[in-house]
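Trainee: mmCIF, C-alpha atoms, saved as structure_17.cif, coming up:
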data_run
loop_
_atom_site.label_atom_id
_atom_site.label_comp_id
_atom_site.auth_asym_id
_atom_site.auth_seq_id
_atom_site.Cartn_x
_atom_site.Cartn_y
_atom_site.Cartn_z
CA MET C 1 115.68 98.03 97.88
CA ARG C 2 113.58 101.20 97.94
CA HIS C 3 112.55 100.74 94.33
CA ILE C 4 111.61 97.09 94.83
CA THR C 5 109.38 98.16 97.70
CA GLY C 6 108.04 100.91 95.44
CA PHE C 7 107.13 98.32 92.82
CA PHE C 8 105.11 96.33 95.34
CA LEU C 9 103.48 99.54 96.58
CA ALA C 10 102.57 100.25 92.94
CA LEU C 11 100.78 96.91 92.79
CA ALA C 12 98.95 97.76 96.03
CA MET C 13 98.01 101.19 94.67
CA SER C 14 96.67 99.61 91.48
CA ALA C 15 94.54 97.20 93.50
CA ALA C 16 93.30 100.04 95.72
CA LEU C 17 92.29 102.06 92.66
CA PHE C 18 90.45 99.15 91.09
CA PHE C 19 88.77 97.65 94.14
CA GLY C 20 88.48 100.67 96.41
CA GLY C 21 87.94 103.31 93.76
CA GLY C 22 85.96 101.27 91.26
CA GLY C 23 83.82 99.51 93.82
CA GLY C 24 83.26 102.69 95.79
CA ILE C 25 82.23 104.71 92.75
CA ALA C 26 79.85 102.00 91.52
CA ARG C 27 78.11 101.57 94.86
CA PHE C 28 78.09 105.28 95.65
CA SER C 29 76.55 106.17 92.27
CA ALA C 30 73.97 103.41 92.70
CA LEU C 31 73.05 104.86 96.10
CA ALA C 32 72.80 108.37 94.69
CA ALA C 33 70.72 107.23 91.70
CA GLY C 34 68.33 105.29 93.92
CA GLN C 35 67.79 108.27 96.24
CA GLY C 36 69.38 106.20 98.98
CA LEU C 37 71.24 109.09 100.56
CA ARG C 38 68.24 111.35 101.14
CA SER C 39 66.83 109.57 104.16
CA THR C 40 68.00 110.51 107.65
CA ASN C 41 69.38 107.09 108.48
CA ALA C 42 71.04 106.48 105.09
CA MET C 43 74.57 106.93 106.42
CA THR C 44 73.99 104.84 109.54
CA ASP C 45 73.62 101.64 107.53
CA LEU C 46 76.92 99.79 107.14
CA HIS C 47 76.34 99.05 103.46
CA ASN C 48 75.98 102.77 102.75
CA VAL C 49 79.11 103.70 104.71
CA LEU C 50 81.44 101.24 102.96
CA PRO C 51 81.58 102.96 99.51
CA PRO C 52 82.77 106.33 100.86
CA ALA C 53 85.16 104.48 103.20
CA ALA C 54 86.64 102.57 100.25
CA LEU C 55 87.08 105.79 98.30
CA LEU C 56 88.66 107.51 101.29
CA GLY C 57 91.01 104.57 101.87
CA ALA C 58 92.20 104.59 98.25
CA GLY C 59 92.63 108.36 98.39
CA LEU C 60 94.51 108.17 101.68
CA LEU C 61 96.92 105.57 100.30
CA LEU C 62 97.47 107.69 97.19
CA GLY C 63 98.08 110.79 99.29
CA ILE C 64 100.62 109.02 101.47
CA LEU C 65 102.47 107.60 98.46
CA LEU C 66 102.55 111.02 96.80
CA ALA C 67 103.64 112.98 99.86
CA VAL C 68 106.29 110.85 101.53
CA ARG C 69 109.68 111.52 99.96
CA ARG C 70 111.30 108.32 101.20
CA ILE C 71 108.90 106.20 99.14
CA SER C 72 110.14 105.46 95.63
CA ALA C 73 108.60 107.35 92.73
CA LEU C 74 107.64 103.99 91.22
CA ALA C 75 104.86 103.58 93.79
CA THR C 76 102.70 106.19 92.09
CA GLY C 77 104.47 106.52 88.77
CA LEU C 78 103.82 103.03 87.42
CA PRO C 79 100.05 103.05 88.07
CA GLY C 80 99.90 106.63 86.78
CA LEU C 81 101.60 105.69 83.52
CA ILE C 82 99.24 102.74 83.12
CA LEU C 83 96.21 104.96 83.69
CA LEU C 84 97.45 107.52 81.16
CA GLY C 85 98.18 104.81 78.61
CA TRP C 86 94.81 103.17 79.16
CA SER C 87 93.06 106.52 78.76
CA ALA C 88 94.96 107.21 75.53
CA TYR C 89 94.04 103.73 74.30
CA LEU C 90 90.40 104.49 75.13
CA LEU C 91 90.57 107.63 72.98
CA THR C 92 92.08 105.78 70.03
CA ARG C 93 90.33 102.40 70.16
CA GLY C 94 87.21 102.95 72.29
CA GLN C 95 85.55 99.62 73.03
CA HIS C 96 88.81 97.69 72.75
CA ALA C 97 90.15 99.51 75.80
CA LEU C 98 87.05 98.67 77.82
CA ARG C 99 87.51 94.96 77.08
CA TRP C 100 90.76 95.02 79.07
CA VAL C 101 89.01 96.00 82.31
CA PRO C 102 89.41 92.99 84.64
CA MET C 103 86.51 91.14 86.24
CA PRO C 104 83.84 92.14 83.68
CA GLY C 105 80.32 92.21 85.07
CA SER C 106 81.37 93.03 88.63
CA HIS C 107 80.58 96.31 90.34
CA TYR C 108 84.34 96.95 90.62
CA ALA C 109 84.65 96.85 86.83
CA ALA C 110 81.54 99.00 86.40
CA GLY C 111 82.93 101.73 88.63
CA PHE C 112 86.38 101.51 87.05
CA THR C 113 84.84 101.72 83.57
CA ALA C 114 82.81 104.76 84.64
CA MET C 115 85.96 106.48 85.92
CA LEU C 116 87.87 105.50 82.77
CA SER C 117 85.24 106.70 80.32
CA SER C 118 84.65 109.97 82.20
CA GLY C 119 88.33 110.91 82.08
CA ALA C 120 88.78 110.85 85.85
CA LEU C 121 91.50 108.21 85.59
CA ALA C 122 93.39 110.28 83.02
CA LEU C 123 93.41 113.23 85.41
CA LEU C 124 94.41 110.98 88.29
CA GLY C 125 97.18 109.41 86.22
CA ALA C 126 98.55 112.83 85.28
CA GLY C 127 98.82 113.72 88.95
CA MET C 128 100.36 110.39 89.86
CA ILE C 129 103.32 110.72 87.49
CA ILE C 130 104.55 114.01 88.97
CA PRO C 131 106.96 112.30 91.44
CA LEU C 132 108.69 110.63 88.48
CA PHE C 133 110.06 114.03 87.46
CA MET C 134 111.45 114.94 90.89
CA PRO C 135 115.12 113.93 91.23
CA SER C 136 114.88 113.83 95.02
CA ARG C 137 112.44 110.90 94.81
CA TRP C 138 115.02 108.75 93.01
CA ARG C 139 117.79 109.21 95.55
CA SER C 140 117.93 107.62 98.95
CA GLY C 141 117.58 109.81 102.03
CA THR C 142 121.09 109.13 103.29
CA SER C 143 124.00 110.89 101.66
CA GLU C 144 127.30 109.20 101.15
CA VAL C 145 130.13 111.16 102.74
CA GLU C 146 133.74 110.23 102.20
CA GLU C 147 135.64 109.71 105.39
CA TYR C 148 139.09 111.23 105.53
CA ASP C 149 141.96 109.69 107.39
CA ASP C 150 143.29 111.95 110.14
CA ASP C 151 146.89 111.02 109.31
CA PHE C 152 146.54 112.23 105.74
CA SER C 153 148.35 115.47 104.96
CA VAL C 154 148.01 117.29 101.67
CA THR C 155 151.49 118.80 101.91
CA SER C 156 153.15 115.44 102.46
CA ALA C 157 151.10 113.84 99.69
CA LEU C 158 152.25 116.49 97.24
CA GLY C 159 155.85 116.07 98.38
CA LEU C 160 156.19 119.59 99.77
CA VAL C 161 157.51 118.40 103.12
CA PRO C 162 161.14 117.19 103.06
#
As structure tokens, what does this structure read like?
Mentor:
Amino acid sequence: MRHITGFFLALAMSAALFFGGGGGIARFSALAAGQGLRSTNAMTDLHNVLPPAALLGAGLLLGILLAVRRISALATGLPGLILLGWSAYLLTRGQHALRWVPMPGSHYAAGFTAMLSSGALALLGAGMIIPLFMPSRWRSGTSEVEEYDDDFSVTSALGLVP
């Protein structure tokens, strides 16, 4: 059951990386390029606060999924493997890999493409697969202990008692 939940958390992490990370990077870089952060009231406007909040939310979810031992390793491992594979595909095929970015033309896709082409997603993917190599993340938190019957005697089981 833990691994099924981990699979659904992997889907949520993938969506957070695309929408939160991609959208946040695109809007944040547009603000920085347009000198939008230099004014004194730049961070009081709601539209300027949302990109860093989206990035922080995606990072917070990733941190929780990486740190909590009771969460399956699939939660970060599957998106990490996809990011590493996509980055390797970008190195070998270039423009073909960028065609697979969903929602082309949106600011989410623009930010995700910027992170993909800069290598940030390869670095993130390498960090996300680390829990896959920890055996403690594959086992459940409860240990199975055999219960012994109080009436059981080793000497009588071996036939040492007449």
Trainee: Written as a JSON list (two decimals) with C-alpha atoms, in the frame of the given file, which residues does the PyMOL selection byres ((chain C and resi 10) around 9) give for the file shown?
Mentor:
[["chain", "number", "residue", "atom", "x", "y", "z"],
["C", 5, "THR", "CA", 109.38, 98.16, 97.70],
["C", 6, "GLY", "CA", 108.04, 100.91, 95.44],
["C", 7, "PHE", "CA", 107.13, 98.32, 92.82],
["C", 8, "PHE", "CA", 105.11, 96.33, 95.34],
["C", 9, "LEU", "CA", 103.48, 99.54, 96.58],
["C", 11, "LEU", "CA", 100.78, 96.91, 92.79],
["C", 12, "ALA", "CA", 98.95, 97.76, 96.03],
["C", 13, "MET", "CA", 98.01, 101.19, 94.67],
["C", 14, "SER", "CA", 96.67, 99.61, 91.48],
["C", 15, "ALA", "CA", 94.54, 97.20, 93.50],
["C", 74, "LEU", "CA", 107.64, 103.99, 91.22],
["C", 75, "ALA", "CA", 104.86, 103.58, 93.79],
["C", 76, "THR", "CA", 102.70, 106.19, 92.09],
["C", 77, "GLY", "CA", 104.47, 106.52, 88.77],
["C", 78, "LEU", "CA", 103.82, 103.03, 87.42],
["C", 79, "PRO", "CA", 100.05, 103.05, 88.07]]
Trainee: Can you translate the PyMOL selection byres ((chain C and resi 84-97) around 12) into the concrete residues it hits in this file, as a PDB file with C-alpha atoms, in the coordinates of the input?
Mentor:
ATOM      1  CA  GLY C  77     104.470 106.520  88.770  1.00  0.00           C
ATOM      2  CA  LEU C  78     103.820 103.030  87.420  1.00  0.00           C
ATOM      3  CA  PRO C  79     100.050 103.050  88.070  1.00  0.00           C
ATOM      4  CA  GLY C  80      99.900 106.630  86.780  1.00  0.00           C
ATOM      5  CA  LEU C  81     101.600 105.690  83.520  1.00  0.00           C
ATOM      6  CA  ILE C  82      99.240 102.740  83.120  1.00  0.00           C
ATOM      7  CA  LEU C  83      96.210 104.960  83.690  1.00  0.00           C
ATOM      8  CA  LEU C  98      87.050  98.670  77.820  1.00  0.00           C
ATOM      9  CA  ARG C  99      87.510  94.960  77.080  1.00  0.00           C
ATOM     10  CA  TRP C 100      90.760  95.020  79.070  1.00  0.00           C
ATOM     11  CA  VAL C 101      89.010  96.000  82.310  1.00  0.00           C
ATOM     12  CA  PRO C 102      89.410  92.990  84.640  1.00  0.00           C
ATOM     13  CA  PHE C 112      86.380 101.510  87.050  1.00  0.00           C
ATOM     14  CA  THR C 113      84.840 101.720  83.570  1.00  0.00           C
ATOM     15  CA  ALA C 114      82.810 104.760  84.640  1.00  0.00           C
ATOM     16  CA  MET C 115      85.960 106.480  85.920  1.00  0.00           C
ATOM     17  CA  LEU C 116      87.870 105.500  82.770  1.00  0.00           C
ATOM     18  CA  SER C 117      85.240 106.700  80.320  1.00  0.00           C
ATOM     19  CA  SER C 118      84.650 109.970  82.200  1.00  0.00           C
ATOM     20  CA  GLY C 119      88.330 110.910  82.080  1.00  0.00           C
ATOM     21  CA  ALA C 120      88.780 110.850  85.850  1.00  0.00           C
ATOM     22  CA  LEU C 121      91.500 108.210  85.590  1.00  0.00           C
ATOM     23  CA  ALA C 122      93.390 110.280  83.020  1.00  0.00           C
ATOM     24  CA  LEU C 123      93.410 113.230  85.410  1.00  0.00           C
ATOM     25  CA  LEU C 124      94.410 110.980  88.290  1.00  0.00           C
ATOM     26  CA  GLY C 125      97.180 109.410  86.220  1.00  0.00           C
ATOM     27  CA  ALA C 126      98.550 112.830  85.280  1.00  0.00           C
ATOM     28  CA  GLY C 127      98.820 113.720  88.950  1.00  0.00           C
ATOM     29  CA  MET C 128     100.360 110.390  89.860  1.00  0.00           C
ATOM     30  CA  ILE C 129     103.320 110.720  87.490  1.00  0.00           C
TER      31      ILE C 129
END
Trainee: Report as a list in words all protein, DNA and RNA residues lying within 8 Å of Leu55 in chain C, evaluated on only C-alpha atoms, omitting residues in the same chain fewer than 2 positions from it.
Mentor: Gly20, Gly21, Gly24, Ile25, Pro51, Pro52, Ala53, Gly57, Ala58 and Gly59 of chain C
Trainee: Enumerate, in order of chain and increasing residue number, the residues of range 76-143 of chain C with an atom no farther than 9 Å from range 64-69 of chain C, each with its shortest atom pair and distance in Å to one decimal, counting only C-alpha atoms, as JSON lines.
Mentor:
{"residue": "C:Thr76", "atom": "CA", "partner": "C:Leu65", "partner_atom": "CA", "distance": 6.5}
{"residue": "C:Met128", "atom": "CA", "partner": "C:Leu66", "partner_atom": "CA", "distance": 7.3}
{"residue": "C:Ile130", "atom": "CA", "partner": "C:Leu66", "partner_atom": "CA", "distance": 8.6}
{"residue": "C:Pro131", "atom": "CA", "partner": "C:Leu66", "partner_atom": "CA", "distance": 7.1}
{"residue": "C:Ser136", "atom": "CA", "partner": "C:Arg69", "partner_atom": "CA", "distance": 7.5}
{"residue": "C:Arg137", "atom": "CA", "partner": "C:Arg69", "partner_atom": "CA", "distance": 5.9}
{"residue": "C:Gly141", "atom": "CA", "partner": "C:Arg69", "partner_atom": "CA", "distance": 8.3}
Trainee: State, in Å with one decimal place, the distance from CA of Arg70 in chain C to CA of Arg2 in chain C.
Mentor: 8.2 Å
Trainee: Interatomic distance between CA of Ser72 in chain C and CA of Trp138 in chain C?
Mentor: 6.4 Å
Trainee: What does the structure give for the distance between CA of Ala26 in chain C and CA of Ala110 in chain C, in Å to one decimal?
Mentor: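 Computing the Euclidean distance for CA of Ala26 in chain C and CA of Ala110 in chain C yields 6.2 Å.
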Trainee: Looking at only C-alpha atoms, which of C:Leu60, C:Leu50, C:Ala30, C:Met1 is the one that sits closest to Ala16 in chain C?
Mentor: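 Of all the options, C:Leu60 lies closest to Ala16 in chain C.
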Trainee: Take every atom of range 79-86 of chain C listed in the file, pad by 5 Å on each side, and give me the axis-aligned box centre and edge lengths in Å, one decimal, as JSON.
Mentor:
{"center_x": 98.2, "center_y": 105.1, "center_z": 83.3, "size_x": 16.8, "size_y": 14.8, "size_z": 19.5}
Trainee: Using only C-alpha atoms for the distances, tell me which of C:Ile4, C:Leu132, C:Ile71, C:Ala54 is nearest to Gly23 in chain C.
Mentor: C:Ala54
Trainee: Using only C-alpha atoms, pick whichever of C:Met103, C:Leu160, C:Leu56, C:Phe133 has the shortest atom-to-atom distance to Leu17 in chain C.
Mentor: C:Leu56
